[in-house]
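Visitor: So I've got this file, upload.pdb, and it contains PDB, C-alpha atoms, pLDDT in the B column:
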```pdb
MODEL        1
ATOM      1  CA  TRP A   1       7.545  -0.509   0.876  1.00 63.00           C
ATOM      2  CA  GLU A   2       4.173  -2.199   0.231  1.00 75.00           C
ATOM      3  CA  ALA A   3       3.045   0.817  -1.798  1.00 78.00           C
ATOM      4  CA  PHE A   4       5.911   0.189  -4.227  1.00 80.00           C
ATOM      5  CA  ALA A   5       5.572  -3.617  -4.182  1.00 80.00           C
ATOM      6  CA  ARG A   6       2.091  -3.246  -5.687  1.00 80.00           C
ATOM      7  CA  TYR A   7       3.776  -2.337  -8.962  1.00 79.00           C
ATOM      8  CA  GLY A   8       5.927  -5.435  -9.283  1.00 80.00           C
ATOM      9  CA  ASP A   9       8.707  -7.580  -7.876  1.00 80.00           C
ATOM     10  CA  MET A  10      11.322  -5.857  -5.751  1.00 79.00           C
ATOM     11  CA  CYS A  11      15.031  -6.667  -5.771  1.00 77.00           C
ATOM     12  CA  LYS A  12      16.463  -9.449  -3.627  1.00 73.00           C
ATOM     13  CA  PRO A  13      20.022  -9.122  -2.302  1.00 66.00           C
ATOM     14  CA  ARG A  14      21.069 -12.647  -3.312  1.00 64.00           C
ATOM     15  CA  GLU A  15      19.689 -12.363  -6.843  1.00 61.00           C
ATOM     16  CA  HIS A  16      20.206  -8.705  -7.731  1.00 59.00           C
ATOM     17  CA  GLY A  17      22.902  -7.518  -5.341  1.00 61.00           C
ATOM     18  CA  ALA A  18      20.647  -4.817  -3.917  1.00 65.00           C
ATOM     19  CA  ARG A  19      18.034  -4.542  -1.203  1.00 73.00           C
ATOM     20  CA  ALA A  20      14.423  -3.724  -2.053  1.00 78.00           C
ATOM     21  CA  VAL A  21      14.525  -0.494  -0.037  1.00 79.00           C
ATOM     22  CA  GLU A  22      17.503   1.498   1.222  1.00 78.00           C
ATOM     23  CA  ILE A  23      16.684   4.298   3.660  1.00 77.00           C
ATOM     24  CA  LEU A  24      18.999   7.339   3.559  1.00 73.00           C
ATOM     25  CA  PRO A  25      18.412   9.183   6.869  1.00 73.00           C
ATOM     26  CA  ASP A  26      20.944  11.965   6.208  1.00 71.00           C
ATOM     27  CA  SER A  27      19.232  13.055   2.992  1.00 69.00           C
ATOM     28  CA  LYS A  28      15.675  12.281   4.202  1.00 74.00           C
ATOM     29  CA  ALA A  29      15.213  10.014   1.192  1.00 78.00           C
ATOM     30  CA  ALA A  30      15.188   6.368   0.139  1.00 82.00           C
ATOM     31  CA  ILE A  31      16.244   4.246  -2.821  1.00 81.00           C
ATOM     32  CA  VAL A  32      13.694   1.685  -4.027  1.00 85.00           C
ATOM     33  CA  ASN A  33      15.034  -1.119  -6.228  1.00 80.00           C
ATOM     34  CA  PHE A  34      12.863  -3.044  -8.691  1.00 79.00           C
ATOM     35  CA  ALA A  35      13.747  -6.256 -10.512  1.00 77.00           C
ATOM     36  CA  SER A  36      12.069  -4.963 -13.671  1.00 76.00           C
ATOM     37  CA  TYR A  37      12.524  -1.670 -15.519  1.00 73.00           C
ATOM     38  CA  GLU A  38       8.842  -1.685 -16.531  1.00 76.00           C
ATOM     39  CA  HIS A  39       7.703  -2.064 -12.918  1.00 78.00           C
ATOM     40  CA  ALA A  40      10.002   0.745 -11.816  1.00 79.00           C
ATOM     41  CA  CYS A  41       8.522   2.998 -14.525  1.00 79.00           C
ATOM     42  CA  ALA A  42       4.995   2.159 -13.370  1.00 80.00           C
ATOM     43  CA  ALA A  43       5.856   2.985  -9.760  1.00 80.00           C
ATOM     44  CA  LEU A  44       7.540   6.217 -10.802  1.00 78.00           C
ATOM     45  CA  LYS A  45       4.386   7.371 -12.588  1.00 77.00           C
ATOM     46  CA  GLY A  46       1.840   5.902 -10.185  1.00 78.00           C
ATOM     47  CA  LEU A  47       3.288   7.082  -6.866  1.00 78.00           C
ATOM     48  CA  GLN A  48       4.521  10.507  -7.910  1.00 72.00           C
ATOM     49  CA  GLY A  49       3.134  12.910  -5.310  1.00 73.00           C
ATOM     50  CA  ALA A  50       1.432  10.157  -3.297  1.00 73.00           C
ATOM     51  CA  LEU A  51       1.055  10.300   0.480  1.00 72.00           C
ATOM     52  CA  ILE A  52       2.420   7.248   2.318  1.00 69.00           C
ATOM     53  CA  GLY A  53       2.129   7.795   6.031  1.00 63.00           C
ATOM     54  CA  LYS A  54       3.227  10.856   7.957  1.00 58.00           C
ATOM     55  CA  ILE A  55       6.848  10.656   6.817  1.00 56.00           C
ATOM     56  CA  THR A  56       6.090  11.463   3.175  1.00 53.00           C
ATOM     57  CA  ARG A  57       4.070  14.617   3.655  1.00 55.00           C
ATOM     58  CA  PRO A  58       3.390  16.732   1.675  1.00 58.00           C
ATOM     59  CA  GLY A  59       3.916  13.979  -0.928  1.00 68.00           C
ATOM     60  CA  LEU A  60       6.516  11.812  -2.667  1.00 75.00           C
ATOM     61  CA  ALA A  61       8.872  13.330  -5.214  1.00 76.00           C
ATOM     62  CA  ILE A  62      10.302  10.427  -7.209  1.00 78.00           C
ATOM     63  CA  SER A  63      13.102  10.513  -9.766  1.00 75.00           C
ATOM     64  CA  TRP A  64      15.578   8.066 -11.261  1.00 70.00           C
ATOM     65  CA  HIS A  65      18.614   7.369  -9.137  1.00 62.00           C
ATOM     66  CA  LYS A  66      21.616   7.067 -11.460  1.00 47.00           C
ATOM     67  CA  ARG A  67      24.045   4.255 -10.794  1.00 46.00           C
ATOM     68  CA  GLN A  68      27.485   4.350 -12.358  1.00 36.00           C
ATOM     69  CA  ASP A  69      27.691   0.588 -12.805  1.00 39.00           C
ATOM     70  CA  GLU A  70      24.579   0.335 -15.037  1.00 39.00           C
ATOM     71  CA  PRO A  71      23.644   1.833 -18.425  1.00 37.00           C
ATOM     72  CA  PRO A  72      20.822   4.409 -18.148  1.00 34.00           C
ATOM     73  CA  GLN A  73      18.423   2.330 -20.271  1.00 35.00           C
ATOM     74  CA  LYS A  74      18.579  -0.554 -17.777  1.00 35.00           C
ATOM     75  CA  GLN A  75      18.132   1.574 -14.686  1.00 32.00           C
ATOM     76  CA  THR A  76      15.583   0.073 -12.270  1.00 35.00           C
ATOM     77  CA  VAL A  77      16.057   2.288  -9.235  1.00 37.00           C
ATOM     78  CA  THR A  78      13.916   5.162  -8.011  1.00 39.00           C
ATOM     79  CA  HIS A  79      14.978   7.925  -5.649  1.00 42.00           C
ATOM     80  CA  VAL A  80      12.304   9.018  -3.188  1.00 42.00           C
ATOM     81  CA  GLU A  81      12.089  12.424  -1.501  1.00 44.00           C
ATOM     82  CA  LYS A  82       9.412  14.812  -0.295  1.00 42.00           C
ATOM     83  CA  GLY A  83       7.214  16.594  -2.826  1.00 43.00           C
ATOM     84  CA  PRO A  84       4.136  18.831  -3.131  1.00 42.00           C
ATOM     85  CA  LYS A  85       1.574  16.705  -4.993  1.00 54.00           C
ATOM     86  CA  GLU A  86      -1.308  14.746  -3.482  1.00 66.00           C
ATOM     87  CA  ARG A  87      -3.673  11.986  -4.674  1.00 76.00           C
ATOM     88  CA  PRO A  88      -6.987  10.732  -3.279  1.00 85.00           C
ATOM     89  CA  PRO A  89      -6.642   8.132  -0.504  1.00 86.00           C
ATOM     90  CA  PHE A  90      -7.039   4.441  -1.240  1.00 89.00           C
ATOM     91  CA  PHE A  91      -7.429   1.353   0.923  1.00 92.00           C
ATOM     92  CA  GLY A  92      -5.528  -1.770   0.005  1.00 91.00           C
ATOM     93  CA  LEU A  93      -5.970  -5.411   0.950  1.00 93.00           C
ATOM     94  CA  TRP A  94      -3.165  -7.950   0.901  1.00 91.00           C
ATOM     95  CA  VAL A  95      -4.548 -11.278  -0.327  1.00 92.00           C
ATOM     96  CA  GLY A  96      -2.613 -14.525   0.164  1.00 91.00           C
ATOM     97  CA  ASN A  97      -2.904 -17.879  -1.658  1.00 91.00           C
ATOM     98  CA  VAL A  98      -3.197 -16.242  -5.066  1.00 91.00           C
ATOM     99  CA  HIS A  99      -1.112 -18.299  -7.515  1.00 89.00           C
ATOM    100  CA  ALA A 100      -0.511 -16.516 -10.809  1.00 87.00           C
ATOM    101  CA  SER A 101      -0.608 -19.760 -12.803  1.00 88.00           C
ATOM    102  CA  LEU A 102      -4.010 -20.759 -11.413  1.00 91.00           C
ATOM    103  CA  VAL A 103      -5.968 -17.581 -10.712  1.00 92.00           C
ATOM    104  CA  GLN A 104      -8.565 -16.335 -13.195  1.00 93.00           C
ATOM    105  CA  GLU A 105      -7.943 -12.625 -12.829  1.00 92.00           C
ATOM    106  CA  GLU A 106     -11.286 -11.403 -14.189  1.00 93.00           C
ATOM    107  CA  GLU A 107     -13.310 -13.651 -11.865  1.00 95.00           C
ATOM    108  CA  PHE A 108     -10.981 -12.734  -8.996  1.00 96.00           C
ATOM    109  CA  ARG A 109     -11.475  -9.023  -9.646  1.00 95.00           C
ATOM    110  CA  ASN A 110     -15.244  -9.353  -9.985  1.00 96.00           C
ATOM    111  CA  ALA A 111     -15.494 -11.026  -6.578  1.00 96.00           C
ATOM    112  CA  PHE A 112     -13.950  -7.948  -4.929  1.00 97.00           C
ATOM    113  CA  GLU A 113     -15.832  -5.449  -7.084  1.00 96.00           C
ATOM    114  CA  LYS A 114     -19.108  -6.761  -5.654  1.00 96.00           C
ATOM    115  CA  TYR A 115     -18.175  -4.952  -2.436  1.00 97.00           C
ATOM    116  CA  GLY A 116     -17.520  -1.572  -4.032  1.00 96.00           C
ATOM    117  CA  ASP A 117     -15.454   0.465  -6.466  1.00 95.00           C
ATOM    118  CA  LEU A 118     -11.810  -0.455  -6.918  1.00 95.00           C
ATOM    119  CA  CYS A 119      -9.131   2.160  -7.499  1.00 92.00           C
ATOM    120  CA  ASN A 120      -8.748   3.946 -10.788  1.00 89.00           C
ATOM    121  CA  PRO A 121      -5.009   3.953 -11.654  1.00 85.00           C
ATOM    122  CA  GLN A 122      -5.245   7.356 -13.336  1.00 85.00           C
ATOM    123  CA  VAL A 123      -6.944   8.899 -10.303  1.00 86.00           C
ATOM    124  CA  HIS A 124      -5.395   7.083  -7.334  1.00 83.00           C
ATOM    125  CA  GLY A 125      -2.023   6.257  -8.838  1.00 81.00           C
ATOM    126  CA  VAL A 126      -2.232   2.531  -8.040  1.00 83.00           C
ATOM    127  CA  PRO A 127      -3.632  -0.455  -9.966  1.00 87.00           C
ATOM    128  CA  SER A 128      -6.955  -1.862  -8.838  1.00 91.00           C
ATOM    129  CA  VAL A 129      -5.535  -5.399  -8.688  1.00 91.00           C
ATOM    130  CA  ASN A 130      -1.867  -6.336  -8.706  1.00 88.00           C
ATOM    131  CA  ILE A 131      -0.936 -10.029  -8.664  1.00 88.00           C
ATOM    132  CA  LEU A 132       2.560 -10.814  -7.358  1.00 84.00           C
ATOM    133  CA  PRO A 133       3.765 -14.150  -8.792  1.00 82.00           C
ATOM    134  CA  GLU A 134       6.859 -14.453  -6.580  1.00 77.00           C
ATOM    135  CA  SER A 135       4.919 -14.302  -3.322  1.00 80.00           C
ATOM    136  CA  SER A 136       1.729 -16.032  -4.552  1.00 86.00           C
ATOM    137  CA  SER A 137      -0.276 -13.068  -3.344  1.00 87.00           C
ATOM    138  CA  ALA A 138      -2.026  -9.971  -4.607  1.00 89.00           C
ATOM    139  CA  PHE A 139      -2.992  -6.450  -3.620  1.00 90.00           C
ATOM    140  CA  VAL A 140      -6.576  -5.288  -4.189  1.00 94.00           C
ATOM    141  CA  ASN A 141      -7.094  -1.549  -3.801  1.00 93.00           C
ATOM    142  CA  PHE A 142     -10.444   0.093  -2.998  1.00 95.00           C
ATOM    143  CA  SER A 143     -11.389   3.753  -3.194  1.00 94.00           C
ATOM    144  CA  ARG A 144     -13.453   3.573   0.038  1.00 94.00           C
ATOM    145  CA  TYR A 145     -12.491   2.106   3.410  1.00 95.00           C
ATOM    146  CA  GLU A 146     -15.992   0.724   4.070  1.00 96.00           C
ATOM    147  CA  ASP A 147     -15.884  -1.316   0.856  1.00 97.00           C
ATOM    148  CA  ALA A 148     -12.396  -2.669   1.553  1.00 96.00           C
ATOM    149  CA  ASN A 149     -13.391  -3.648   5.086  1.00 96.00           C
ATOM    150  CA  ALA A 150     -16.523  -5.408   3.839  1.00 97.00           C
ATOM    151  CA  ALA A 151     -14.505  -7.361   1.264  1.00 97.00           C
ATOM    152  CA  ARG A 152     -11.944  -8.325   3.904  1.00 96.00           C
ATOM    153  CA  LYS A 153     -14.692  -9.833   6.072  1.00 96.00           C
ATOM    154  CA  GLY A 154     -16.811 -11.276   3.281  1.00 96.00           C
ATOM    155  CA  LEU A 155     -14.094 -13.052   1.282  1.00 96.00           C
ATOM    156  CA  GLN A 156     -11.878 -14.238   4.141  1.00 95.00           C
ATOM    157  CA  GLY A 157     -11.160 -17.947   3.668  1.00 94.00           C
ATOM    158  CA  LYS A 158     -13.174 -18.193   0.432  1.00 94.00           C
ATOM    159  CA  LEU A 159     -12.215 -19.828  -2.882  1.00 94.00           C
ATOM    160  CA  VAL A 160     -12.386 -17.257  -5.679  1.00 93.00           C
ATOM    161  CA  GLY A 161     -11.420 -17.628  -9.337  1.00 91.00           C
ATOM    162  CA  GLY A 162      -8.865 -20.372  -8.811  1.00 91.00           C
ATOM    163  CA  ALA A 163      -7.370 -18.642  -5.752  1.00 92.00           C
ATOM    164  CA  GLY A 164      -7.716 -19.527  -2.111  1.00 89.00           C
ATOM    165  CA  PRO A 165      -8.595 -20.216   0.512  1.00 92.00           C
ATOM    166  CA  LEU A 166      -7.978 -16.475   0.658  1.00 94.00           C
ATOM    167  CA  ARG A 167      -5.963 -14.981   3.519  1.00 93.00           C
ATOM    168  CA  ILE A 168      -6.833 -11.280   3.610  1.00 94.00           C
ATOM    169  CA  ASN A 169      -5.159  -8.610   5.700  1.00 92.00           C
ATOM    170  CA  ALA A 170      -5.241  -4.837   5.586  1.00 90.00           C
ATOM    171  CA  SER A 171      -2.222  -3.268   3.912  1.00 86.00           C
ATOM    172  CA  ASP A 172       0.133  -1.106   5.964  1.00 82.00           C
ATOM    173  CA  LEU A 173      -1.596   2.030   4.691  1.00 82.00           C
ATOM    174  CA  MET A 174      -5.043   0.735   5.606  1.00 88.00           C
ATOM    175  CA  GLN A 175      -3.828  -0.321   9.059  1.00 88.00           C
ATOM    176  CA  GLU A 176      -2.455   3.175   9.585  1.00 86.00           C
ATOM    177  CA  TYR A 177      -5.846   4.642   8.636  1.00 88.00           C
ATOM    178  CA  GLU A 178      -7.591   2.365  11.146  1.00 90.00           C
ATOM    179  CA  GLN A 179      -5.173   3.399  13.871  1.00 89.00           C
ATOM    180  CA  GLN A 180      -5.788   7.063  13.088  1.00 88.00           C
ATOM    181  CA  GLN A 181      -9.535   6.533  13.337  1.00 88.00           C
ATOM    182  CA  GLN A 182      -9.161   4.861  16.726  1.00 87.00           C
ATOM    183  CA  THR A 183      -6.945   7.685  17.954  1.00 86.00           C
ATOM    184  CA  GLN A 184      -9.499  10.299  16.883  1.00 83.00           C
ATOM    185  CA  GLN A 185     -12.281   8.485  18.739  1.00 77.00           C
ATOM    186  CA  GLN A 186     -10.364   8.247  22.023  1.00 69.00           C
ATOM    187  CA  PRO A 187     -10.408  12.007  22.882  1.00 60.00           C
ATOM    188  CA  GLY A 188     -14.204  12.023  22.637  1.00 54.00           C
ATOM    189  CA  GLN A 189     -14.457   9.059  24.987  1.00 53.00           C
ATOM    190  CA  ASN A 190     -12.128  10.720  27.503  1.00 51.00           C
ATOM    191  CA  GLN A 191     -14.205  13.904  27.473  1.00 51.00           C
ATOM    192  CA  GLN A 192     -17.338  11.929  28.300  1.00 51.00           C
ATOM    193  CA  GLN A 193     -15.645  10.238  31.252  1.00 49.00           C
ATOM    194  CA  HIS A 194     -13.896  13.332  32.591  1.00 48.00           C
ATOM    195  CA  PRO A 195     -16.938  15.103  34.171  1.00 47.00           C
ATOM    196  CA  ASN A 196     -17.816  11.957  36.081  1.00 47.00           C
ATOM    197  CA  LEU A 197     -14.330  11.858  37.541  1.00 43.00           C
ATOM    198  CA  LYS A 198     -14.698  15.445  38.732  1.00 44.00           C
ATOM    199  CA  GLN A 199     -18.004  14.683  40.455  1.00 43.00           C
ATOM    200  CA  VAL A 200     -16.421  11.794  42.324  1.00 42.00           C
ATOM    201  CA  GLY A 201     -13.639  14.093  43.489  1.00 42.00           C
ATOM    202  CA  LYS A 202     -16.075  16.704  44.823  1.00 42.00           C
ATOM    203  CA  SER A 203     -18.258  14.222  46.680  1.00 41.00           C
ATOM    204  CA  GLY A 204     -15.227  12.557  48.249  1.00 42.00           C
TER     205      GLY A 204
ENDMDL
END
```
Take the structure from the file and write it as structure tokens.

Guide:
Amino acid sequence: WEAFARYGDMCKPREHGARAVEILPDSKAAIVNFASYEHACAALKGLQGALIGKITRPGLAISWHKRQDEPPQKQTVTHVEKGPKERPPFFGLWVGNVHASLVQEEEFRNAFEKYGDLCNPQVHGVPSVNILPESSSAFVNFSRYEDANAARKGLQGKLVGGAGPLRINASDLMQEYEQQQQTQQQPGQNQQQHPNLKQVGKSG
């Protein structure tokens, strides 16, 4: 759900009477509930056709989910299924201790841009920086993993533009990428060790 949360505040059961995400296993789909119509619209446009882990391949197909108890113009729910489109990958950082009332967004953005290019919303389908007032945090999205990783290390614990000390973690999508990279490296290591094991068997 982090991919959707980048676009704005999600619903809370006690306040809105709906969960942020409702998984529908029988229909291989999900309902994502936003607290704001504008944020839902942004997510609908930005994540259309996006890849989010293995379960969304070949890509998200997002449409409005009609609810009978709400007028269409106030609808804030998206219906998520599989779809054919694909966008370039991006690598997001979750950044804690970012208070919307204190942070200077331009200075905050510039501090991360020093490490590399941030995402282009029209190309990657996600905003470069998305500040989340409710959780006093933000998502910063890079177009290259190396740049995101460098920013994570370089700005950890720093004070930047009225925010901080920053607590920076890789987003779920970036963590998945790192796990995939580790998995791909393991077969090569096993192949290097395997001949040695055979030699030990022969000599014994």

Visitor: Select, from A:Cys119, A:Leu132, A:Leu24, A:Val103, the residue with the minimum atom-to-atom distance to A:His39, counting only C-alpha atoms.

Guide: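 Closest residue, counting only C-alpha atoms: A:Leu132.
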
Visitor: Using only C-alpha atoms for the distances, tell me which of A:Leu159, A:Ala150, A:Val129, A:Val95 is nearest to A:Gly116.

Guide: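 Under the stated criterion, the closest residue is A:Ala150.
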
Visitor: Taking into account all atoms listed in the file, which residue in the set A:Phe91, A:Tyr37, A:Tyr115, A:Trp64 is nearest to A:Gln175?

Guide: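 Among the listed residues, the smallest separation from A:Gln175 belongs to A:Phe91.
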
Visitor: Using atom CA of A:Gly164 and atom CA of A:Ala40 as the two end points, give the distance in Å to one decimal.

Guide: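 Distance reported for this atom pair: 28.6 Å.
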
Visitor: For a quick check of your reading of the model, name the residues lying within 8 Å of the coordinate (-8.3, -18.0, -6.8), counting all atoms listed in the file, and write them as a list in words.

Guide: Asn97, Val98, His99, Leu102, Val103, Gln104, Phe108, Leu159, Val160, Gly161, Gly162, Ala163, Gly164, Pro165 and Leu166 of chain A

Visitor: So, counting only C-alpha atoms, which residue among A:Lys114, A:Arg109, A:Lys12, A:His124 is closest to A:Ala151?

Guide: A:Lys114

Visitor: Looking at A:Leu93, A:Leu155, A:Leu173, A:Cys41, which one is nearest to A:Gly8, with distances taken over all atoms listed in the file?

Guide: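 Among the listed residues, the smallest separation from A:Gly8 belongs to A:Cys41.
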
Visitor: Would you mind reading off the distance between atom CA of A:Ala100 and atom CA of A:Ala138, one decimal, in Å?

Guide: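 Interatomic distance here is 9.1 Å.
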
Visitor: So the first atom is atom CA of A:Ser135 and the second is atom CA of A:Ile31; what is the distance between them in Å, to one decimal place?

Guide: 21.7 Å

Visitor: Calculated over all atoms listed in the file, which of the candidates A:Pro127, A:Gly92, A:Arg87, A:Glu113 has the smallest distance to A:Met174?

Guide: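 Of A:Pro127, A:Gly92, A:Arg87, A:Glu113, the one nearest A:Met174 is A:Gly92, counting all atoms listed in the file.
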
Visitor: Just want the 8 Å neighbourhood of A:Gly46, counted on all atoms listed in the file, with same-chain residues fewer than 2 positions away dropped. Output as an MDAnalysis selection string.

Guide: chainID A and resid 42:44 48 121:122 124:126

Visitor: Would you export the selected residues with C-alpha atoms as a tab-separated table (two decimals), keeping the file's coordinate frame, please?

Guide:
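File produced: selection24.tsv:
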```tsv
chain	number	residue	atom	x	y	z
A	42	ALA	CA	5.00	2.16	-13.37
A	43	ALA	CA	5.86	2.98	-9.76
A	44	LEU	CA	7.54	6.22	-10.80
A	48	GLN	CA	4.52	10.51	-7.91
A	121	PRO	CA	-5.01	3.95	-11.65
A	122	GLN	CA	-5.24	7.36	-13.34
A	124	HIS	CA	-5.40	7.08	-7.33
A	125	GLY	CA	-2.02	6.26	-8.84
A	126	VAL	CA	-2.23	2.53	-8.04
```

Visitor: Mind working out the centre and edge lengths of an axis-aligned box for stretch 25-40 of chain A, all listed atoms inside, 4 Å added to each side, rounded to one decimal in Å and written as JSON?

Guide:
```
{"center_x": 14.3, "center_y": 3.4, "center_z": -4.8, "size_x": 21.2, "size_y": 27.3, "size_z": 31.4}
```

Visitor: List the residues matched by the PyMOL selection byres ((chain A and resi 90) around 6) in the displayed structure as a VMD selection string, ordered by chain and then by residue number.

Guide: chain A and resid 89 91 142 to 143
